[in-house]
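Scroll down for the structure; my scribbles are underneath it.
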Amino acid sequence: MNGKFNGFGGQYVPEKLMNALIELEKEFYKASKDEVFMEEYRYYLKDYVGRPTSLYYADNMSKTLGGAKIYLKREDLNHTGAHKINNALGQVLLAKRMGKKKIIAETGAGQHGVATATVAAKFNMQCEVFMGEEDMHRQSLNVKKMEMLGAKVTAVTSGSKTLSNAVDEAISSWVANVEDAFYIIGSVVGPHPYPTMVRDFQRVIGDEARKQVLDREGRLPDYILAPVGGGSNSMGIFYPFIEDKNVKLIGVEAGGLGVETAYNAATMEKGRKGIIHGMMTYVLRDEAGDVLPVYSISAGLDYPGVGPEHAYLRDVSRTSYVSITDKEAIEGFHFITKEEGIIPALESAHAIAYAMKLAPILDKDKIIIVNLSGRGDKDMDTIIEFDKLSSNND
Ligand SMILES: *Cc1c(COP(=O)(O)O)cnc(C)c1O
């Protein structure tokens, strides 16, 4: 399909980036067919990241909800605490192969920034991370981690001073340093070949899950649920199941204060077709084309676009999307924490909250896999604050 997912995707970038994208595409396809490169990638996934992550049968949750069996794909157990490092690792190895010395990245909550600063430290690369000033205040611990890892964190002060602006700044910086720098994007977004490349570096989640569920249950699952920000952990777990038409693939977006309000990040539900960050996809924008401010309690989900392959898969009815509000996500967070002794990232808690609605209405012989995209340490302050506010309101 060459980066055009049936009209979604493409390369809507300044002329100056076109050659860099063409070169990147060429190198990426060469590398993915190069056994030496892939062997190195798999080696670090195993010994450095800690893969394979387990597919864990959440027996307490399943029993309490009284319906389908729930399995958790434990991406929270990866080094740096989320799925992001699968992709950051793949791209830094590609940068090394291309002889680049400098890494550029954007970050929202700081998870992708920390994963990128980590692999940049490991592979001895210079690293600059663009981060909205607002996000730097909200996620100061991640800023400290990136700096400790040797990265330079550059504050972005344009627009709402959040993720979307950070992507714009990172792309501009890449345009200015295109000869020396490699841009490591954090999700299945941006101009071709990024959505395809990031998907291929994240598909290890789905490849493992497919084998693990077959070993354990002797059959494929009925449902796979995953949270959707830009769409990388979901694309990673969905992709190896695309041809298995009986496996329902459901992405869970951030409903924020409700999809009927202006405070959400439900791009699939409320977005219109448009161009953002170099790609054609669904975007939360107004009639004039201006990107709307997005909101979610979960900083990793408040992105106003979505990966173009998701847009394509939804249009051909292969995947579907639901939304979960802040309040429901917090309930999901406490539920899995108490039932299973697993403190999830707030992003992942959105998928858990949807499993809480879905499992009870399914028969006991049905199987759901939830992608537990990350761990919750980074969200403790947010949860404490939310719980304090809601107990004051009682
Ligand atoms: C960044 C992040 C997400 C959302 O990003 P995707 O690209 O949609 O996967 C989800 N969960 C966690 C833990 C994250 O850090």
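Convention: chains lettered A, B, ... in structure tokens order; per-chain residue numbering from 1; ligands numbered from 1 as shown.
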
Discussion item. Need to verify the contact set: A:Ile104, 6 Å, only C-alpha atoms, exclusion of same-chain residues closer than 5 positions in sequence. Can you return it as a count of residues only?
Written reply: 4

Considering only C-alpha atoms and all ligand atoms, tabulate each residue of chain A that lies at most 9 Å from ligand 1 along with its nearest interatomic pair and the corresponding distance in Å to one decimal; arrange the rows by chain and ascending residue number and present them as JSON lines.
{"residue": "A:Glu75", "atom": "CA", "partner": "ligand 1", "partner_atom_place_in_ligand_line": "13 (C)", "distance": 8.1}
{"residue": "A:Asp76", "atom": "CA", "partner": "ligand 1", "partner_atom_place_in_ligand_line": "13 (C)", "distance": 7.3}
{"residue": "A:Gly81", "atom": "CA", "partner": "ligand 1", "partner_atom_place_in_ligand_line": "13 (C)", "distance": 7.5}
{"residue": "A:Ala82", "atom": "CA", "partner": "ligand 1", "partner_atom_place_in_ligand_line": "13 (C)", "distance": 5.0}
{"residue": "A:His83", "atom": "CA", "partner": "ligand 1", "partner_atom_place_in_ligand_line": "13 (C)", "distance": 6.7}
{"residue": "A:Lys84", "atom": "CA", "partner": "ligand 1", "partner_atom_place_in_ligand_line": "15 (O)", "distance": 6.4}
{"residue": "A:Thr107", "atom": "CA", "partner": "ligand 1", "partner_atom_place_in_ligand_line": "1 (C)", "distance": 8.7}
{"residue": "A:Gly108", "atom": "CA", "partner": "ligand 1", "partner_atom_place_in_ligand_line": "1 (C)", "distance": 7.9}
{"residue": "A:Ala109", "atom": "CA", "partner": "ligand 1", "partner_atom_place_in_ligand_line": "1 (C)", "distance": 7.4}
{"residue": "A:Gly110", "atom": "CA", "partner": "ligand 1", "partner_atom_place_in_ligand_line": "15 (O)", "distance": 8.1}
{"residue": "A:Gln111", "atom": "CA", "partner": "ligand 1", "partner_atom_place_in_ligand_line": "15 (O)", "distance": 5.2}
{"residue": "A:His112", "atom": "CA", "partner": "ligand 1", "partner_atom_place_in_ligand_line": "1 (C)", "distance": 6.6}
{"residue": "A:Gly186", "atom": "CA", "partner": "ligand 1", "partner_atom_place_in_ligand_line": "7 (O)", "distance": 6.7}
{"residue": "A:Ser187", "atom": "CA", "partner": "ligand 1", "partner_atom_place_in_ligand_line": "7 (O)", "distance": 4.2}
{"residue": "A:Val188", "atom": "CA", "partner": "ligand 1", "partner_atom_place_in_ligand_line": "7 (O)", "distance": 6.3}
{"residue": "A:Val189", "atom": "CA", "partner": "ligand 1", "partner_atom_place_in_ligand_line": "7 (O)", "distance": 8.3}
{"residue": "A:Ala226", "atom": "CA", "partner": "ligand 1", "partner_atom_place_in_ligand_line": "9 (O)", "distance": 8.2}
{"residue": "A:Pro227", "atom": "CA", "partner": "ligand 1", "partner_atom_place_in_ligand_line": "10 (C)", "distance": 5.8}
{"residue": "A:Val228", "atom": "CA", "partner": "ligand 1", "partner_atom_place_in_ligand_line": "8 (O)", "distance": 3.9}
{"residue": "A:Gly229", "atom": "CA", "partner": "ligand 1", "partner_atom_place_in_ligand_line": "8 (O)", "distance": 3.4}
{"residue": "A:Gly230", "atom": "CA", "partner": "ligand 1", "partner_atom_place_in_ligand_line": "8 (O)", "distance": 4.1}
{"residue": "A:Gly231", "atom": "CA", "partner": "ligand 1", "partner_atom_place_in_ligand_line": "8 (O)", "distance": 3.3}
{"residue": "A:Ser232", "atom": "CA", "partner": "ligand 1", "partner_atom_place_in_ligand_line": "7 (O)", "distance": 3.6}
{"residue": "A:Asn233", "atom": "CA", "partner": "ligand 1", "partner_atom_place_in_ligand_line": "9 (O)", "distance": 3.8}
{"residue": "A:Ser234", "atom": "CA", "partner": "ligand 1", "partner_atom_place_in_ligand_line": "9 (O)", "distance": 6.0}
{"residue": "A:Met235", "atom": "CA", "partner": "ligand 1", "partner_atom_place_in_ligand_line": "9 (O)", "distance": 7.8}
{"residue": "A:Gly236", "atom": "CA", "partner": "ligand 1", "partner_atom_place_in_ligand_line": "9 (O)", "distance": 8.4}
{"residue": "A:Glu253", "atom": "CA", "partner": "ligand 1", "partner_atom_place_in_ligand_line": "8 (O)", "distance": 8.8}
{"residue": "A:Ser298", "atom": "CA", "partner": "ligand 1", "partner_atom_place_in_ligand_line": "10 (C)", "distance": 8.8}
{"residue": "A:Ala299", "atom": "CA", "partner": "ligand 1", "partner_atom_place_in_ligand_line": "1 (C)", "distance": 8.0}
{"residue": "A:Gly300", "atom": "CA", "partner": "ligand 1", "partner_atom_place_in_ligand_line": "1 (C)", "distance": 4.4}
{"residue": "A:Leu301", "atom": "CA", "partner": "ligand 1", "partner_atom_place_in_ligand_line": "4 (C)", "distance": 5.2}
{"residue": "A:Asp302", "atom": "CA", "partner": "ligand 1", "partner_atom_place_in_ligand_line": "4 (C)", "distance": 8.5}
{"residue": "A:Tyr303", "atom": "CA", "partner": "ligand 1", "partner_atom_place_in_ligand_line": "5 (O)", "distance": 8.7}
{"residue": "A:Val306", "atom": "CA", "partner": "ligand 1", "partner_atom_place_in_ligand_line": "8 (O)", "distance": 8.0}
{"residue": "A:Gly307", "atom": "CA", "partner": "ligand 1", "partner_atom_place_in_ligand_line": "7 (O)", "distance": 8.2}
{"residue": "A:Pro344", "atom": "CA", "partner": "ligand 1", "partner_atom_place_in_ligand_line": "13 (C)", "distance": 8.0}
{"residue": "A:Ala345", "atom": "CA", "partner": "ligand 1", "partner_atom_place_in_ligand_line": "13 (C)", "distance": 5.3}
{"residue": "A:Leu346", "atom": "CA", "partner": "ligand 1", "partner_atom_place_in_ligand_line": "13 (C)", "distance": 7.3}
{"residue": "A:Glu347", "atom": "CA", "partner": "ligand 1", "partner_atom_place_in_ligand_line": "11 (N)", "distance": 4.6}
{"residue": "A:Ser348", "atom": "CA", "partner": "ligand 1", "partner_atom_place_in_ligand_line": "11 (N)", "distance": 5.5}
{"residue": "A:Ala349", "atom": "CA", "partner": "ligand 1", "partner_atom_place_in_ligand_line": "11 (N)", "distance": 8.9}
{"residue": "A:Asn371", "atom": "CA", "partner": "ligand 1", "partner_atom_place_in_ligand_line": "11 (N)", "distance": 8.9}
{"residue": "A:Leu372", "atom": "CA", "partner": "ligand 1", "partner_atom_place_in_ligand_line": "13 (C)", "distance": 7.5}
{"residue": "A:Ser373", "atom": "CA", "partner": "ligand 1", "partner_atom_place_in_ligand_line": "13 (C)", "distance": 4.5}
{"residue": "A:Gly374", "atom": "CA", "partner": "ligand 1", "partner_atom_place_in_ligand_line": "13 (C)", "distance": 3.6}
{"residue": "A:Arg375", "atom": "CA", "partner": "ligand 1", "partner_atom_place_in_ligand_line": "13 (C)", "distance": 6.5}
{"residue": "A:Gly376", "atom": "CA", "partner": "ligand 1", "partner_atom_place_in_ligand_line": "13 (C)", "distance": 7.9}

Quick one: write out the picked residues with C-alpha atoms as an mmCIF file, in the first residue's frame?
data_model
loop_
_atom_site.group_PDB
_atom_site.id
_atom_site.type_symbol
_atom_site.label_atom_id
_atom_site.label_comp_id
_atom_site.auth_asym_id
_atom_site.auth_seq_id
_atom_site.Cartn_x
_atom_site.Cartn_y
_atom_site.Cartn_z
ATOM 1 C CA GLU A 75 3.645 -4.537 28.602
ATOM 2 C CA ASP A 76 3.960 -2.883 32.023
ATOM 3 C CA GLY A 81 7.467 0.504 32.219
ATOM 4 C CA ALA A 82 5.528 0.560 28.957
ATOM 5 C CA HIS A 83 5.417 -0.623 25.343
ATOM 6 C CA LYS A 84 7.151 2.560 24.065
ATOM 7 C CA THR A 107 7.007 13.547 24.132
ATOM 8 C CA GLY A 108 3.669 14.191 25.828
ATOM 9 C CA ALA A 109 3.529 12.566 29.246
ATOM 10 C CA GLY A 110 7.228 11.837 28.974
ATOM 11 C CA GLN A 111 6.989 8.073 28.470
ATOM 12 C CA HIS A 112 8.281 8.121 24.911
ATOM 13 C CA GLY A 186 6.599 7.836 19.455
ATOM 14 C CA SER A 187 3.473 6.393 17.866
ATOM 15 C CA VAL A 188 2.031 5.071 14.578
ATOM 16 C CA VAL A 189 1.610 8.640 13.321
ATOM 17 C CA ALA A 226 -6.234 -1.793 23.815
ATOM 18 C CA PRO A 227 -6.095 1.910 24.691
ATOM 19 C CA VAL A 228 -5.643 4.307 21.754
ATOM 20 C CA GLY A 229 -3.698 7.564 21.941
ATOM 21 C CA GLY A 230 -1.769 7.792 18.678
ATOM 22 C CA GLY A 231 -2.448 4.090 18.326
ATOM 23 C CA SER A 232 0.877 2.243 18.646
ATOM 24 C CA ASN A 233 0.270 -0.309 21.420
ATOM 25 C CA SER A 234 -3.112 -1.141 19.882
ATOM 26 C CA MET A 235 -1.713 -1.450 16.318
ATOM 27 C CA GLY A 236 1.086 -3.598 17.736
ATOM 28 C CA GLU A 253 -10.227 6.112 23.388
ATOM 29 C CA SER A 298 -4.433 10.312 31.012
ATOM 30 C CA ALA A 299 -1.629 12.335 29.441
ATOM 31 C CA GLY A 300 -0.711 9.518 27.043
ATOM 32 C CA LEU A 301 -4.127 9.548 25.376
ATOM 33 C CA ASP A 302 -4.682 13.256 24.726
ATOM 34 C CA TYR A 303 -3.600 13.354 21.089
ATOM 35 C CA VAL A 306 -4.855 8.911 15.308
ATOM 36 C CA GLY A 307 -2.642 6.567 13.294
ATOM 37 C CA PRO A 344 -1.801 -0.008 35.695
ATOM 38 C CA ALA A 345 -1.026 3.143 33.737
ATOM 39 C CA LEU A 346 -4.113 5.338 33.435
ATOM 40 C CA GLU A 347 -4.036 4.761 29.674
ATOM 41 C CA SER A 348 -4.269 1.007 30.216
ATOM 42 C CA ALA A 349 -6.987 1.533 32.841
ATOM 43 C CA ASN A 371 -3.233 -4.915 26.364
ATOM 44 C CA LEU A 372 -1.871 -3.612 29.659
ATOM 45 C CA SER A 373 0.281 -1.010 27.914
ATOM 46 C CA GLY A 374 2.121 0.317 30.969
ATOM 47 C CA ARG A 375 2.522 0.527 34.719
ATOM 48 C CA GLY A 376 0.971 3.186 36.918
#

Quick one: which stretch 52-118 of chain A residues come within 7 Å of stretch 141-150 of chain A, and what is the nearest atom pair for each with the distance in Å to one decimal, counting only C-alpha atoms, rows ordered by chain and ascending number, as JSON lines?
{"residue": "A:Gly110", "atom": "CA", "partner": "A:Asn142", "partner_atom": "CA", "distance": 5.5}
{"residue": "A:Gly113", "atom": "CA", "partner": "A:Met146", "partner_atom": "CA", "distance": 6.8}
{"residue": "A:Val114", "atom": "CA", "partner": "A:Met146", "partner_atom": "CA", "distance": 5.4}
{"residue": "A:Ala117", "atom": "CA", "partner": "A:Met146", "partner_atom": "CA", "distance": 5.7}
{"residue": "A:Thr118", "atom": "CA", "partner": "A:Leu149", "partner_atom": "CA", "distance": 6.3}

Each stretch 17-129 of chain A residue no farther than 10 Å from stretch 206-215 of chain A, nearest pair in Å, only C-alpha atoms, as a tab-separated table:
residue	atom	partner	partner_atom	distance
A:Arg51	CA	A:Glu208	CA	9.3
A:Pro52	CA	A:Glu208	CA	6.9
A:Thr53	CA	A:Glu208	CA	8.0
A:Ser54	CA	A:Gln212	CA	8.2
A:Leu55	CA	A:Ala209	CA	6.5
A:Tyr56	CA	A:Gln212	CA	9.5
A:Tyr57	CA	A:Val213	CA	9.9
A:Tyr71	CA	A:Val213	CA	8.8
A:Leu72	CA	A:Ala209	CA	9.4
A:Lys73	CA	A:Ala209	CA	6.9
A:Arg74	CA	A:Ala209	CA	9.8

Worksheet item: Looking at A:Met98, A:Asn60, A:His137, A:Asn78, which one is nearest to A:Glu179, with distances taken over only C-alpha atoms?
Response: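 Comparing A:Met98, A:Asn60, A:His137, A:Asn78 against A:Glu179, the winner is A:Met98.
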
Discussion item. Calculated over only C-alpha atoms, which of the candidates A:Ile275, A:Ala288, A:Ile369, A:Ile384 has the smallest distance to A:Gly9?
Written reply: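 Looking only at the distances to A:Gly9, the closest residue turns out to be A:Ile275.
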